[in-house]
Every structure is written in C-alpha cells, then in structure tokens.
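model.cif (mmCIF, C-alpha atoms)
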```cif
data_input
#
loop_
_atom_site.label_atom_id
_atom_site.label_comp_id
_atom_site.auth_asym_id
_atom_site.auth_seq_id
_atom_site.Cartn_x
_atom_site.Cartn_y
_atom_site.Cartn_z
CA MET A 56 15.43 -31.08 7.04
CA LYS A 57 15.51 -28.26 9.57
CA LYS A 58 12.79 -27.93 12.17
CA ILE A 59 10.48 -24.91 12.38
CA SER A 60 8.60 -23.88 15.52
CA VAL A 61 5.30 -22.21 14.65
CA ILE A 62 4.14 -20.09 17.59
CA VAL A 63 0.48 -19.11 17.88
CA PRO A 64 -0.44 -16.77 20.78
CA ILE A 65 -4.05 -17.35 21.79
CA TYR A 66 -6.54 -15.30 23.76
CA ASN A 67 -10.28 -16.05 23.55
CA SER A 68 -9.96 -17.27 19.97
CA GLU A 69 -12.56 -20.05 19.95
CA LYS A 70 -14.22 -18.70 16.79
CA TYR A 71 -11.09 -18.91 14.63
CA ILE A 72 -8.49 -21.14 16.25
CA SER A 73 -9.55 -24.38 14.52
CA GLU A 74 -9.19 -22.85 11.06
CA CYS A 75 -5.80 -21.44 12.05
CA ILE A 76 -4.54 -24.81 13.35
CA GLU A 77 -5.83 -26.68 10.29
CA SER A 78 -3.99 -24.28 7.97
CA VAL A 79 -0.70 -24.97 9.77
CA LEU A 80 -1.24 -28.74 9.75
CA ASN A 81 -1.86 -28.54 6.00
CA GLN A 82 1.71 -27.39 5.28
CA THR A 83 3.68 -29.05 2.49
CA TYR A 84 6.76 -28.72 4.73
CA LYS A 85 6.28 -31.34 7.44
CA ASN A 86 9.15 -30.88 9.90
CA PHE A 87 7.57 -28.40 12.31
CA GLU A 88 6.12 -28.17 15.77
CA LEU A 89 3.04 -26.09 16.51
CA LEU A 90 3.15 -24.28 19.85
CA LEU A 91 -0.29 -23.08 20.95
CA VAL A 92 0.42 -20.57 23.71
CA ASP A 93 -2.82 -19.81 25.54
CA ASP A 94 -2.51 -16.43 27.27
CA GLY A 95 -5.21 -17.04 29.88
CA SER A 96 -8.24 -17.54 27.61
CA LYS A 97 -11.63 -17.63 29.31
CA ASP A 98 -13.57 -19.21 26.45
CA SER A 99 -13.30 -22.71 24.93
CA SER A 100 -9.99 -22.03 23.14
CA GLY A 101 -8.13 -24.32 25.53
CA ASP A 102 -10.50 -27.24 24.99
CA ILE A 103 -10.17 -26.90 21.21
CA CYS A 104 -6.39 -26.81 21.43
CA ARG A 105 -6.22 -29.85 23.72
CA LYS A 106 -8.32 -31.81 21.24
CA TYR A 107 -5.85 -31.07 18.46
CA GLU A 108 -2.89 -31.81 20.75
CA LYS A 109 -4.20 -35.36 21.23
CA GLN A 110 -4.56 -35.87 17.49
CA ASP A 111 -1.09 -34.74 16.34
CA ASP A 112 2.14 -35.14 18.30
CA ARG A 113 3.62 -32.07 16.58
CA ILE A 114 1.20 -29.90 18.56
CA LYS A 115 1.98 -28.63 22.06
CA TYR A 116 -0.60 -26.71 24.07
CA ILE A 117 0.78 -24.37 26.73
CA TYR A 118 -1.38 -22.44 29.17
CA LYS A 119 -0.05 -19.37 30.96
CA GLU A 120 -1.46 -16.53 33.00
CA ASN A 121 -2.60 -13.55 30.95
CA GLY A 122 0.28 -11.23 30.15
CA GLY A 123 -0.48 -9.98 26.65
CA VAL A 124 0.47 -11.11 23.16
CA SER A 125 4.15 -10.13 23.55
CA SER A 126 4.43 -12.22 26.69
CA ALA A 127 2.88 -15.19 24.90
CA ARG A 128 5.23 -14.90 21.91
CA ASN A 129 8.30 -14.51 24.12
CA HIS A 130 7.26 -17.57 26.12
CA GLY A 131 6.85 -19.56 22.93
CA VAL A 132 10.37 -18.66 21.79
CA GLN A 133 11.83 -19.84 25.10
CA ILE A 134 10.30 -23.31 24.88
CA ALA A 135 10.63 -23.77 21.11
CA ALA A 136 12.72 -26.69 19.86
CA GLY A 137 13.04 -25.59 16.23
CA GLU A 138 16.03 -23.93 14.60
CA TYR A 139 13.63 -21.47 13.00
CA ILE A 140 10.67 -19.55 14.42
CA ALA A 141 7.46 -18.49 12.65
CA PHE A 142 4.60 -16.53 14.23
CA VAL A 143 0.94 -16.88 13.29
CA ASP A 144 -1.95 -14.96 14.87
CA SER A 145 -4.76 -17.16 16.15
CA ASP A 146 -7.44 -15.61 13.91
CA ASP A 147 -5.38 -15.81 10.70
CA ILE A 148 -4.57 -18.63 8.30
CA VAL A 149 -1.43 -19.59 6.41
CA LYS A 150 -1.22 -20.95 2.87
CA PRO A 151 0.09 -24.52 2.39
CA GLU A 152 3.48 -23.57 0.94
CA ILE A 153 4.47 -20.75 3.30
CA LEU A 154 6.91 -22.75 5.45
CA GLU A 155 8.43 -24.49 2.43
CA THR A 156 8.88 -21.13 0.72
CA LEU A 157 10.42 -19.36 3.71
CA ILE A 158 12.85 -22.15 4.63
CA HIS A 159 14.10 -22.53 1.06
CA GLY A 160 17.02 -20.10 1.30
CA ASN A 161 18.19 -21.12 4.80
CA SER A 162 18.61 -17.40 5.48
CA ASP A 163 18.84 -15.54 8.77
CA PHE A 164 15.65 -13.72 7.79
CA SER A 165 12.97 -14.75 5.31
CA MET A 166 9.73 -13.01 4.34
CA CYS A 167 6.89 -13.33 1.83
CA GLY A 168 3.69 -11.49 0.87
CA TYR A 169 0.23 -11.50 2.42
CA GLU A 170 -3.42 -10.74 1.78
CA LEU A 171 -6.14 -9.01 3.78
CA PHE A 172 -9.26 -11.06 4.44
CA ASP A 173 -12.40 -9.10 5.34
CA ASP A 174 -14.21 -10.94 8.11
CA ILE A 175 -17.50 -9.16 7.36
CA SER A 176 -17.73 -9.78 3.61
CA HIS A 177 -15.67 -13.01 3.77
CA THR A 178 -13.62 -11.91 0.79
CA VAL A 179 -9.98 -11.03 0.13
CA SER A 180 -9.88 -7.23 -0.04
CA SER A 181 -6.20 -6.73 -0.97
CA GLN A 182 -3.09 -8.70 -1.83
CA PHE A 183 0.50 -7.59 -1.28
CA SER A 184 3.25 -9.46 -3.10
CA CYS A 185 6.76 -8.64 -1.84
CA PRO A 186 9.46 -7.50 -4.28
CA LYS A 187 11.88 -10.42 -4.48
CA LEU A 188 15.26 -10.00 -2.83
CA CYS A 189 17.85 -12.65 -2.06
CA GLY A 190 21.11 -11.28 -0.72
CA ASN A 191 22.65 -9.77 2.40
CA LEU A 192 21.36 -7.29 4.96
CA HIS A 193 23.01 -4.43 3.08
CA ASP A 194 20.81 -5.20 0.06
CA LEU A 195 17.68 -5.02 2.20
CA ALA A 196 18.79 -1.75 3.82
CA GLN A 197 19.53 -0.28 0.41
CA ASN A 198 15.99 -1.11 -0.72
CA ILE A 199 14.24 -0.41 2.59
CA SER A 200 11.56 1.80 1.00
CA ASP A 201 10.19 -1.20 -0.91
CA TYR A 202 9.27 -2.87 2.36
CA LEU A 203 7.96 -0.01 4.53
CA SER A 204 4.83 0.68 2.51
CA PRO A 205 2.95 -1.62 2.39
CA PRO A 206 4.24 -2.43 5.89
CA TYR A 207 5.83 -5.79 5.10
CA LEU A 208 8.47 -5.36 7.81
CA LEU A 209 6.23 -4.04 10.58
CA GLY A 210 4.67 -7.31 11.77
CA PRO A 211 6.03 -10.71 12.91
CA TRP A 212 3.96 -12.85 10.55
CA VAL A 213 4.99 -13.89 6.97
CA LYS A 214 8.53 -14.20 8.32
CA LEU A 215 10.99 -16.82 9.44
CA PHE A 216 13.53 -16.07 12.19
CA ARG A 217 16.52 -18.03 13.47
CA ARG A 218 15.95 -18.95 17.11
CA ASP A 219 19.66 -18.74 18.00
CA ILE A 220 19.86 -15.13 16.77
CA ILE A 221 16.83 -14.24 18.90
CA LEU A 222 18.24 -15.86 22.04
CA ASP A 223 21.90 -14.90 21.62
CA ASN A 224 21.00 -11.22 21.25
CA ASP A 225 18.10 -11.06 23.75
CA VAL A 226 15.63 -9.93 21.09
CA ILE A 227 12.14 -9.82 22.59
CA PHE A 228 8.71 -8.40 22.00
CA PRO A 229 8.51 -5.50 24.52
CA PRO A 230 5.77 -6.72 26.92
CA GLU A 231 5.00 -3.21 28.15
CA LEU A 232 3.72 -2.13 24.72
CA SER A 233 0.34 -2.87 23.13
CA TYR A 234 1.27 -1.25 19.82
CA GLY A 235 4.42 -1.41 17.70
CA GLU A 236 6.01 -4.19 19.73
CA ASP A 237 6.15 -6.43 16.66
CA ALA A 238 7.95 -3.84 14.49
CA ILE A 239 10.46 -3.23 17.27
CA PHE A 240 11.12 -6.97 17.46
CA VAL A 241 11.64 -7.24 13.68
CA PHE A 242 14.07 -4.32 13.36
CA GLU A 243 16.08 -5.26 16.43
CA TYR A 244 16.34 -8.79 15.04
CA LEU A 245 17.38 -7.55 11.59
CA SER A 246 20.35 -5.67 13.02
CA HIS A 247 21.92 -9.07 13.83
CA CYS A 248 21.31 -10.73 10.45
CA ARG A 249 23.73 -11.40 7.62
CA ASN A 250 21.55 -12.67 4.79
CA VAL A 251 17.90 -12.33 3.81
CA SER A 252 15.49 -14.02 1.42
CA ILE A 253 12.28 -12.24 0.38
CA TYR A 254 9.74 -13.88 -1.90
CA PRO A 255 6.68 -12.56 -3.78
CA TYR A 256 4.62 -15.62 -2.77
CA ILE A 257 1.44 -14.62 -0.91
CA GLY A 258 1.53 -17.04 1.98
CA TYR A 259 -0.57 -15.48 4.73
CA SER A 260 -4.18 -14.38 5.09
CA TYR A 261 -4.55 -11.60 7.68
CA ARG A 262 -8.09 -11.34 9.00
CA ARG A 263 -9.56 -7.86 9.39
CA HIS A 264 -12.53 -7.55 11.72
CA GLY A 265 -13.86 -4.24 10.43
CA GLU A 266 -12.65 -0.71 10.99
CA GLU A 267 -12.56 0.55 14.55
CA SER A 268 -13.59 4.12 15.19
CA LEU A 269 -10.70 6.58 15.46
CA SER A 270 -11.80 7.56 18.95
CA ARG A 271 -11.61 3.95 20.17
CA LYS A 272 -8.20 3.13 18.79
CA PHE A 273 -6.37 6.36 19.66
CA LEU A 274 -3.25 5.79 21.77
CA LEU A 275 -1.56 8.82 23.28
CA ASN A 276 1.92 7.30 23.04
CA LYS A 277 1.45 5.86 19.54
CA ILE A 278 3.58 8.50 17.83
CA ASP A 279 6.31 8.09 20.45
CA ILE A 280 6.44 4.37 19.62
CA ASN A 281 6.63 5.25 15.92
CA TYR A 282 9.60 7.53 16.71
CA ARG A 283 11.23 4.58 18.47
CA ILE A 284 10.66 2.34 15.43
CA ASN A 285 12.02 5.04 13.15
CA ARG A 286 15.21 5.29 15.21
CA LEU A 287 15.71 1.55 14.73
CA ILE A 288 15.30 1.98 10.97
CA TYR A 289 17.86 4.82 10.98
CA ALA A 290 20.22 2.67 13.04
CA LEU A 291 19.93 -0.13 10.50
CA LEU A 292 20.74 2.26 7.64
CA ARG A 293 23.74 3.63 9.50
CA GLN A 294 24.96 0.14 10.39
CA GLU A 295 24.92 -0.78 6.70
CA ASN A 296 26.39 2.58 5.58
CA ILE A 297 23.30 3.51 3.58
CA PHE A 298 22.99 7.28 3.27
CA GLY A 299 20.59 7.61 0.35
CA GLN A 300 17.35 6.47 1.95
CA GLU A 301 17.06 8.83 4.93
CA GLN A 302 14.51 11.08 3.24
CA ILE A 303 12.31 8.09 2.47
CA VAL A 304 12.41 7.06 6.11
CA SER A 305 11.60 10.65 7.10
CA ASN A 306 8.60 10.50 4.78
CA HIS A 307 7.53 7.32 6.53
CA LEU A 308 7.71 9.14 9.86
CA LEU A 309 5.67 11.99 8.37
CA GLU A 310 2.95 9.51 7.36
CA CYS A 311 2.90 8.22 10.94
CA PHE A 312 2.64 11.77 12.29
CA VAL A 313 -0.24 12.72 9.96
CA SER A 314 -2.12 9.54 10.89
CA TYR A 315 -1.56 10.24 14.58
CA GLU A 316 -2.87 13.79 14.34
CA LYS A 317 -5.94 12.58 12.46
CA GLU A 318 -6.68 10.09 15.22
CA LEU A 319 -6.06 12.84 17.80
CA ILE A 320 -8.63 15.12 16.13
CA PHE A 321 -11.30 12.41 16.28
CA SER A 322 -10.42 11.33 19.81
CA ASP A 323 -12.55 12.01 22.89
CA PHE A 324 -9.97 14.38 24.39
CA PRO A 325 -11.09 17.93 25.27
CA GLU A 326 -10.11 20.51 22.67
CA ARG A 327 -7.52 22.18 24.91
CA LYS A 328 -5.79 18.86 25.52
CA LYS A 329 -5.84 18.10 21.78
CA CYS A 330 -4.04 21.38 21.09
CA LYS A 331 -1.50 20.76 23.83
CA VAL A 332 -0.74 17.25 22.61
CA PHE A 333 -0.51 18.43 18.99
CA TYR A 334 2.09 21.11 19.71
CA GLU A 335 4.12 18.87 22.02
CA LYS A 336 4.30 16.09 19.44
CA TYR A 337 4.86 18.48 16.54
CA LYS A 338 7.81 20.12 18.30
CA TYR A 339 9.40 16.74 18.87
CA TYR A 340 8.62 15.68 15.31
CA LYS A 341 10.39 18.75 13.85
CA ASN A 342 13.46 17.83 15.88
CA GLN A 343 13.35 14.30 14.47
CA LEU A 344 13.30 15.59 10.90
CA GLY A 345 16.77 17.08 11.33
CA LYS A 346 18.34 13.76 12.22
CA PRO A 347 18.72 12.21 8.75
CA ARG A 348 21.01 15.02 7.58
CA ARG A 349 23.08 14.85 10.76
CA LEU A 350 23.24 11.09 10.41
CA ALA A 351 24.51 11.34 6.84
CA GLN A 352 27.25 13.74 7.92
CA ARG A 353 28.70 11.40 10.54
#
```
Can the structure from this file be put into structure tokens for me?
Amino acid sequence: MKKISVIVPIYNSEKYISECIESVLNQTYKNFELLLVDDGSKDSSGDICRKYEKQDDRIKYIYKENGGVSSARNHGVQIAAGEYIAFVDSDDIVKPEILETLIHGNSDFSMCGYELFDDISHTVSSQFSCPKLCGNLHDLAQNISDYLSPPYLLGPWVKLFRRDIILDNDVIFPPELSYGEDAIFVFEYLSHCRNVSIYPYIGYSYRRHGEESLSRKFLLNKIDINYRINRLIYALLRQENIFGQEQIVSNHLLECFVSYEKELIFSDFPERKKCKVFYEKYKYYKNQLGKPRRLAQR
C-alpha cells in the first residue's frame, strides 16, 4: 500500500482547521501522513494543530516564517515522505473516499470532482463531477476542453501527484505570485506525466466565503498570469501533437480577458488609467489570438 502525503498550508485558520483535519483523518485509505504547514499564523491555529499531532502519529506540525501559500506548499513537498502528494486547503474538507479513489489507478496524475460549499448559507451551492478518463497524457490533451470549464485543472486540490515527478523536474508553486500559481504548477507537472486517471467522484468540498467586490479583488497583472497559463496549455497540446483544440483554448483565453476587463471597469483606478490598461492588454491579447494558427502550422 503506497503512502500519500497530504499537505495542508495554514495561515490563521483557527475557525476551520479542526474540521479540515478531521476530514483527512476520516479517510478510508489509511496509509497517509498529514503535514500541517503553518505559514506564520498569529491566531490559535498552531495550538490546535499541536493537539492533533499528539493524538495521531500520522500528523506532523511544521511552523515556518510567513512566505505565502506557495512557499508553504513547496516546503511541504520537500519534507514529505509519501510517494504521492495531495493538497488540501485549511478551510476545506475532503470526503472519506477521496484518497482511496485517487490512488486506485496508480497513475502519474489523478483527479476527481468537487463541490462548492457556501459558508454563509452553510449549503452546497454547486457540484462538479469530472468526465471519467483513464488513459495517457495524450488522451487528456485531446479532451482538454472538458477540464478547463469548470476549472478542474486550475487548482491543486482534488488531485494526486507523484512526488518524484515534482522533485525530478523542479516543479514548484511560483512563490512570487498570489494568483494563478496553482494552475501553473498543475500544467508544468502535467507536461512530465505519462498516464492519468480522472474520476467523476465528488471528493472535495471547497468553501466559499462570499463574493468579494470587484474593486477589492482586481489584480493588474491577472491577465498576464492568465496568458502565462494559456501558453502552458498550448505547450501541452503541441507536446502531444494535438492540433484540433487550439480554438477552444483561445476561447478560454477570451473568457479570461472579458473577466479581467469587467474587473478593471469596477476597479478604483482613474478613468484614464483604465483606458490605458485596457488598450495595452487588448493589443497584447490580439497578438495572442494569432498563436494557435501559427502553432498548428509548425
């Protein structure tokens, strides 16, 4: 029975961390370690984690100076002892069979579905069951549109990764980014995989804390990060000699651009700066749209 390292990055999560830990301990698959990586919490998260560490020898609590969620995840990978890696956010919960489901195929990459849990109404607002796929990386690339919307592939949770592939190829969560770092990690990792297993099982409950205002969440470089992610998707298609899905990926980029411009409109930027940013990003976006055809001709 192969060992799984479950990595939970923690920062001021005292309200939710117990429920998260309990959900991992309740797994039907028992051969795992739970790494609680505290990224400099200033609340009682550390005390809660230490209590659990004393109760179960599969739990390891690690405290580090604050460096962001990417830093915490990368640190967890470095100290993990498992052959496989799973990531869980500290305010989310996992269903009892998620590890057993993901490890079943012994694949380089495994994934399942998830649900959205509304923290205000305390109800499940949506469920997303993945289209099943068990095969090689080429099969996933050929069906990439099935996994971009909903964004199954754009986060690190509901997935199982091989630790040796991560380490041998220096795949990391970019610590300089506060957005999109998880999608970059996933697509860079995928480029080194051979086989994949994707299951419709809904194994993860992602907690939503209410909608932030557009002005609060606007990031000036958000669309640039989306361009970077899109280039990784194109690279994966080219690597697997898939030349029929480029338009779908372009449509995905268009959705990102429209969302970005909407957030820009509602941002606190002065009107002149909004116009300047819009035309700068639009010019670059138009250039990006020409790449799928050029890619297909190579």
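A straight line drawn from atom CA of A:Lys119 to atom CA of A:Val92 is 7.4 Å long.
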Residues returned when the PyMOL selection byres ((chain A and resi 281) around 12) runs on this file, as a ChimeraX atom specification: /A:209,232,234-239,274-280,282-288,304-305,307-315,336,340,343
Within 12 Å of stretch 153-161 of chain A using all atoms listed in the file, minus same-chain residues under 3 positions, as a PyMOL selection string: chain A and resi 56-61+78-88+138-143+148-150+164-169+188-191+212-217+249-260
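Distances here use all atoms listed in the file; by that measure, the residue among A:Lys70, A:Arg105, A:Lys331, A:Arg293 closest to A:Ser246 is A:Arg293.
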Spatial neighbours of A:Val241, 9 Å, only C-alpha atoms, chain gap at least 6 places, as JSON, numbers by chain: {"A": [208, 209, 210, 211, 226, 228]}
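Using only C-alpha atoms, the smallest distance between any of A:Ser68, A:Cys104, A:Gly95, A:Tyr261 and A:His177 comes from A:Tyr261.
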The PyMOL selection byres ((chain A and resi 320) around 12) applied to the shown file, residues as a compact mmCIF listing (two decimals) with C-alpha atoms, keeping the file's coordinate frame:
```
# COMPACT_ATOMS: atom_id res chain seq x y z
CA LEU A 269 -10.70 6.58 15.46
CA SER A 270 -11.80 7.56 18.95
CA PHE A 273 -6.37 6.36 19.66
CA LEU A 275 -1.56 8.82 23.28
CA VAL A 313 -0.24 12.72 9.96
CA SER A 314 -2.12 9.54 10.89
CA TYR A 315 -1.56 10.24 14.58
CA GLU A 316 -2.87 13.79 14.34
CA LYS A 317 -5.94 12.58 12.46
CA GLU A 318 -6.68 10.09 15.22
CA LEU A 319 -6.06 12.84 17.80
CA PHE A 321 -11.30 12.41 16.28
CA SER A 322 -10.42 11.33 19.81
CA ASP A 323 -12.55 12.01 22.89
CA PHE A 324 -9.97 14.38 24.39
CA PRO A 325 -11.09 17.93 25.27
CA GLU A 326 -10.11 20.51 22.67
CA ARG A 327 -7.52 22.18 24.91
CA LYS A 328 -5.79 18.86 25.52
CA LYS A 329 -5.84 18.10 21.78
CA CYS A 330 -4.04 21.38 21.09
CA LYS A 331 -1.50 20.76 23.83
CA VAL A 332 -0.74 17.25 22.61
CA PHE A 333 -0.51 18.43 18.99
```
The PyMOL selection byres ((chain A and resi 117) around 8) resolved against shown file, as a PyMOL selection string: chain A and resi 90-93+115-116+118-119
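In this structure, atom CA of A:Asn296 sits 25.6 Å away from atom CA of A:Asp219.
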Within 10 Å of A:Ser73 using all atoms listed in the file, minus same-chain residues under 6 positions, as a ChimeraX atom specification: /A:100,103-104,107,145-146,148
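Of note, atom CA of A:Leu292 and atom CA of A:Phe240 are spaced 16.6 Å apart.
Proximity ranking of A:Asp112, A:Asp194, A:Glu243, A:Glu335 relative to A:Glu295 places A:Asp194 first, based on all atoms listed in the file.
Closest approach to A:Gln110 among A:Asp98, A:Ile76, A:Asn129, A:Ile175 is made by A:Ile76 (distances from only C-alpha atoms).
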Within 9 Å of A:Gly299 using only C-alpha atoms, minus same-chain residues under 2 positions, as number ranges by chain: A: 197, 297, 301-303, 351
How about saving the chosen residues, C-alpha atoms kept, as an mmCIF file, keeping the file's coordinate frame?
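Saved to again-v4.cif:
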```cif
data_model
loop_
_atom_site.group_PDB
_atom_site.id
_atom_site.type_symbol
_atom_site.label_atom_id
_atom_site.label_comp_id
_atom_site.auth_asym_id
_atom_site.auth_seq_id
_atom_site.Cartn_x
_atom_site.Cartn_y
_atom_site.Cartn_z
ATOM 1 C CA GLN A 197 19.530 -0.280 0.410
ATOM 2 C CA ILE A 297 23.300 3.510 3.580
ATOM 3 C CA GLU A 301 17.060 8.830 4.930
ATOM 4 C CA GLN A 302 14.510 11.080 3.240
ATOM 5 C CA ILE A 303 12.310 8.090 2.470
ATOM 6 C CA ALA A 351 24.510 11.340 6.840
#
```
